[in-house]
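Next comes final_9.cif, a file with mmCIF, C-alpha atoms.
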```cif
data_final
#
loop_
_atom_site.label_atom_id
_atom_site.label_comp_id
_atom_site.auth_asym_id
_atom_site.auth_seq_id
_atom_site.Cartn_x
_atom_site.Cartn_y
_atom_site.Cartn_z
CA MET G 1 -27.11 73.74 -138.74
CA ASN G 2 -27.86 70.09 -138.74
CA ASP G 3 -24.17 69.47 -139.13
CA GLN G 4 -23.34 71.44 -136.00
CA GLY G 5 -26.13 69.74 -134.04
CA SER G 6 -24.80 66.32 -134.94
CA LYS G 7 -21.28 67.41 -133.95
CA LYS G 8 -22.60 68.59 -130.59
CA LYS G 9 -24.41 65.30 -130.06
CA ALA G 10 -21.30 63.33 -131.01
CA PHE G 11 -19.16 65.49 -128.70
CA PHE G 12 -21.69 65.02 -125.88
CA TRP G 13 -21.70 61.22 -126.28
CA ARG G 14 -17.92 61.09 -126.45
CA MET G 15 -17.60 63.13 -123.27
CA PHE G 16 -20.32 61.02 -121.63
CA PHE G 17 -18.47 57.76 -122.39
CA ILE G 18 -15.10 59.22 -121.38
CA GLY G 19 -16.62 60.39 -118.07
CA LEU G 20 -18.25 56.99 -117.61
CA ILE G 21 -14.92 55.23 -118.20
CA ILE G 22 -13.13 57.60 -115.79
CA MET G 23 -15.78 56.98 -113.12
CA LEU G 24 -15.51 53.22 -113.65
CA ILE G 25 -11.73 53.32 -113.29
CA LEU G 26 -11.98 55.53 -110.18
CA GLY G 27 -14.59 53.17 -108.72
CA ILE G 28 -12.31 50.17 -109.23
CA ILE G 29 -9.34 52.01 -107.69
CA ILE G 30 -11.36 53.25 -104.71
CA GLY G 31 -12.96 49.83 -104.20
CA TYR G 32 -9.58 48.14 -104.25
CA GLY G 33 -8.30 50.72 -101.77
CA ILE G 34 -11.22 50.13 -99.41
CA TRP G 35 -11.43 46.35 -99.54
CA GLY G 36 -7.92 45.61 -100.78
CA LYS G 37 -6.82 42.27 -102.01
CA LYS G 38 -7.98 39.33 -99.98
CA SER G 39 -5.47 38.22 -97.43
CA ASP G 40 -4.35 34.65 -97.12
CA LYS G 41 -6.29 32.28 -94.93
CA PRO G 42 -5.32 32.57 -91.27
CA ASN G 43 -2.79 30.07 -90.06
CA ILE G 44 -4.92 28.12 -87.59
CA LYS G 45 -2.02 26.12 -86.14
CA ARG G 46 -0.06 29.28 -85.37
CA LEU G 47 -3.10 30.91 -83.78
CA LEU G 48 -3.76 27.82 -81.65
CA THR G 49 -0.17 27.73 -80.41
CA GLU G 50 -0.37 31.42 -79.51
CA VAL G 51 -3.64 30.89 -77.66
CA ASN G 52 -2.18 27.84 -75.90
CA SER G 53 0.90 29.74 -74.74
CA TYR G 54 -1.29 32.61 -73.56
CA ILE G 55 -3.48 30.21 -71.57
CA GLU G 56 -0.38 28.61 -70.03
CA THR G 57 0.93 31.98 -68.87
CA ILE G 58 -2.46 32.82 -67.37
CA GLU G 59 -2.52 29.47 -65.52
CA LYS G 60 0.99 30.05 -64.15
CA GLU G 61 0.06 33.52 -62.93
CA ASN G 62 -3.11 32.10 -61.39
CA ALA G 63 -1.09 29.45 -59.53
CA ASN G 64 1.32 32.13 -58.27
CA LEU G 65 -1.59 34.23 -57.06
CA LYS G 66 -3.12 31.24 -55.27
CA ASN G 67 0.20 30.61 -53.48
CA GLN G 68 0.41 34.25 -52.46
CA ILE G 69 -3.14 34.12 -51.11
CA LYS G 70 -2.32 31.00 -49.06
CA LYS G 71 0.75 32.73 -47.60
CA MET G 72 -1.28 35.81 -46.79
CA LYS G 73 -3.96 33.73 -45.10
CA GLY G 74 -1.27 32.15 -42.92
CA THR G 75 0.14 35.53 -41.93
CA VAL G 76 -3.33 36.88 -41.24
CA GLU G 77 -4.11 33.92 -38.99
CA LYS G 78 -0.83 34.41 -37.12
CA SER G 79 -1.60 38.10 -36.74
CA ILE G 80 -5.05 37.32 -35.37
CA GLN G 81 -3.58 34.84 -32.88
CA SER G 82 -0.94 37.32 -31.76
CA ALA G 83 -3.58 40.03 -31.41
CA GLU G 84 -5.70 37.70 -29.25
CA SER G 85 -2.71 36.86 -27.05
CA MET G 86 -1.96 40.57 -26.73
CA LYS G 87 -5.57 41.18 -25.68
CA ASN G 88 -5.24 38.46 -23.03
CA ASP G 89 -1.98 39.99 -21.81
CA LEU G 90 -3.65 43.39 -21.67
CA VAL G 91 -6.53 42.01 -19.61
CA ASN G 92 -4.05 40.33 -17.23
CA LEU G 93 -2.06 43.54 -16.88
CA GLN G 94 -5.21 45.54 -16.20
CA ASP G 95 -6.24 43.05 -13.52
CA GLU G 96 -2.81 43.25 -11.95
CA ASN G 97 -2.93 47.03 -12.12
CA THR G 98 -6.28 47.14 -10.35
CA LYS G 99 -4.97 44.80 -7.62
CA LEU G 100 -1.92 46.98 -7.11
CA MET G 101 -4.09 50.11 -7.02
CA GLU G 102 -6.27 48.47 -4.36
CA GLN G 103 -3.21 47.53 -2.35
CA THR G 104 -1.86 51.06 -2.46
CA LYS G 105 -5.23 52.45 -1.38
CA ASN G 106 -5.51 49.97 1.46
CA SER G 107 -2.04 50.59 2.76
CA THR G 108 -1.62 54.34 3.13
CA ASN G 109 1.38 53.98 5.38
CA PRO G 110 3.48 50.91 4.59
CA GLN G 111 5.48 51.18 7.84
CA LYS G 112 2.31 51.16 9.88
CA GLN G 113 1.10 48.11 7.95
CA GLU G 114 4.34 46.33 8.68
CA LEU G 115 4.00 47.11 12.38
CA ASP G 116 0.47 45.85 12.39
CA ASP G 117 1.60 42.68 10.65
CA LEU G 118 4.37 42.17 13.19
CA GLN G 119 2.09 42.65 16.13
CA LYS G 120 -0.23 40.00 14.92
#
```

Could you render the structure from this file as structure tokens?
Amino acid sequence: MNDQGSKKKAFFWRMFFIGLIIMLILGIIIGYGIWGKKSDKPNIKRLLTEVNSYIETIEKENANLKNQIKKMKGTVEKSIQSAESMKNDLVNLQDENTKLMEQTKNSTNPQKQELDDLQK
């Protein structure tokens, strides 16, 4: 019976160490999969050139937008001036219209008005 007990203990310890080795190997494989091998150091010069080119494109687009804004301001100012001149024209036309309306009210019979003008 002692012989079987020692066989069981030996079997247990063998299986324990085999399981431990398997877990260690799996841990190394999983750890490598998660963290992977370290990548090379970033190429700073390449990154700086990319950033520089990106900044240049942004500056060009900014300059284009500023030019468009200046053009739009000019057109808006012209539109405001034309609207003001149209308002003045409208006021002048309304004044003229009221004068003509008064003249038509005053002179109900234009022939009679002409006769009165001639007699004077």

Could you tell me how far CA of Ser6 in chain G lies from CA of Ile25 in chain G, in Å and to one decimal?
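According to the coordinates, CA of Ser6 in chain G and CA of Ile25 in chain G are separated by 28.4 Å.
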
Which residues of range 38-63 of chain G have any atom within 10 Å of an atom in range 67-83 of chain G when counting all atoms listed in the file, and what is the closest pair of atoms for each, with the distance in Å to one decimal? Order the rows by chain and rising number and write it as CSV.
```
residue,atom,partner,partner_atom,distance
G:Glu61,CA,G:Asn67,CA,9.9
G:Asn62,CA,G:Asn67,CA,8.7
G:Ala63,CA,G:Asn67,CA,6.3
```

Just to be explicit: take each residue in the selection above, keep C-alpha atoms, and write the result as a PDB file, in the coordinates of the input.
```
ATOM      1  CA  GLU G  61       0.060  33.520 -62.930  1.00  0.00           C
ATOM      2  CA  ASN G  62      -3.110  32.100 -61.390  1.00  0.00           C
ATOM      3  CA  ALA G  63      -1.090  29.450 -59.530  1.00  0.00           C
TER       4      ALA G  63
END
```

Interatomic distance between CA of Lys41 in chain G and CA of Thr57 in chain G?
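It comes out at 27.0 Å.
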
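CA of Gly27 in chain G to CA of Arg14 in chain G spans 19.7 Å [interatomic distance, one decimal].
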
Can range 39-61 of chain G be brought up to N, CA and C atoms and written out as a CSV table (one decimal), in the coordinates of the input?
```csv
chain,number,residue,atom,x,y,z
G,39,SER,N,-6.7,38.8,-98.1
G,39,SER,CA,-5.5,38.2,-97.4
G,39,SER,C,-5.5,36.7,-97.4
G,40,ASP,N,-4.4,36.1,-97.2
G,40,ASP,CA,-4.4,34.6,-97.1
G,40,ASP,C,-5.2,34.1,-96.0
G,41,LYS,N,-5.5,32.9,-96.0
G,41,LYS,CA,-6.3,32.3,-94.9
G,41,LYS,C,-5.5,32.3,-93.7
G,42,PRO,N,-6.1,32.5,-92.5
G,42,PRO,CA,-5.3,32.6,-91.3
G,42,PRO,C,-4.7,31.2,-91.0
G,43,ASN,N,-3.5,31.3,-90.4
G,43,ASN,CA,-2.8,30.1,-90.1
G,43,ASN,C,-3.3,29.6,-88.7
G,44,ILE,N,-4.2,28.6,-88.8
G,44,ILE,CA,-4.9,28.1,-87.6
G,44,ILE,C,-3.9,27.5,-86.6
G,45,LYS,N,-3.0,26.8,-87.1
G,45,LYS,CA,-2.0,26.1,-86.1
G,45,LYS,C,-1.2,27.2,-85.4
G,46,ARG,N,-0.8,28.2,-86.0
G,46,ARG,CA,-0.1,29.3,-85.4
G,46,ARG,C,-0.9,30.0,-84.3
G,47,LEU,N,-2.2,30.3,-84.7
G,47,LEU,CA,-3.1,30.9,-83.8
G,47,LEU,C,-3.4,30.0,-82.6
G,48,LEU,N,-3.5,28.7,-82.8
G,48,LEU,CA,-3.8,27.8,-81.6
G,48,LEU,C,-2.6,27.8,-80.7
G,49,THR,N,-1.4,27.7,-81.3
G,49,THR,CA,-0.2,27.7,-80.4
G,49,THR,C,-0.1,29.0,-79.6
G,50,GLU,N,-0.4,30.1,-80.2
G,50,GLU,CA,-0.4,31.4,-79.5
G,50,GLU,C,-1.4,31.4,-78.4
G,51,VAL,N,-2.6,30.9,-78.7
G,51,VAL,CA,-3.6,30.9,-77.7
G,51,VAL,C,-3.2,29.9,-76.5
G,52,ASN,N,-2.6,28.8,-76.9
G,52,ASN,CA,-2.2,27.8,-75.9
G,52,ASN,C,-1.1,28.4,-75.0
G,53,SER,N,-0.2,29.1,-75.6
G,53,SER,CA,0.9,29.7,-74.7
G,53,SER,C,0.3,30.8,-73.9
G,54,TYR,N,-0.6,31.6,-74.4
G,54,TYR,CA,-1.3,32.6,-73.6
G,54,TYR,C,-2.0,32.0,-72.4
G,55,ILE,N,-2.7,30.9,-72.6
G,55,ILE,CA,-3.5,30.2,-71.6
G,55,ILE,C,-2.5,29.7,-70.5
G,56,GLU,N,-1.4,29.1,-71.0
G,56,GLU,CA,-0.4,28.6,-70.0
G,56,GLU,C,0.2,29.7,-69.1
G,57,THR,N,0.4,30.9,-69.7
G,57,THR,CA,0.9,32.0,-68.9
G,57,THR,C,-0.1,32.4,-67.9
G,58,ILE,N,-1.4,32.4,-68.3
G,58,ILE,CA,-2.5,32.8,-67.4
G,58,ILE,C,-2.6,31.8,-66.2
G,59,GLU,N,-2.4,30.5,-66.6
G,59,GLU,CA,-2.5,29.5,-65.5
G,59,GLU,C,-1.4,29.6,-64.5
G,60,LYS,N,-0.2,29.9,-65.0
G,60,LYS,CA,1.0,30.0,-64.2
G,60,LYS,C,0.8,31.2,-63.2
G,61,GLU,N,0.3,32.3,-63.8
G,61,GLU,CA,0.1,33.5,-62.9
G,61,GLU,C,-1.0,33.2,-61.9
```
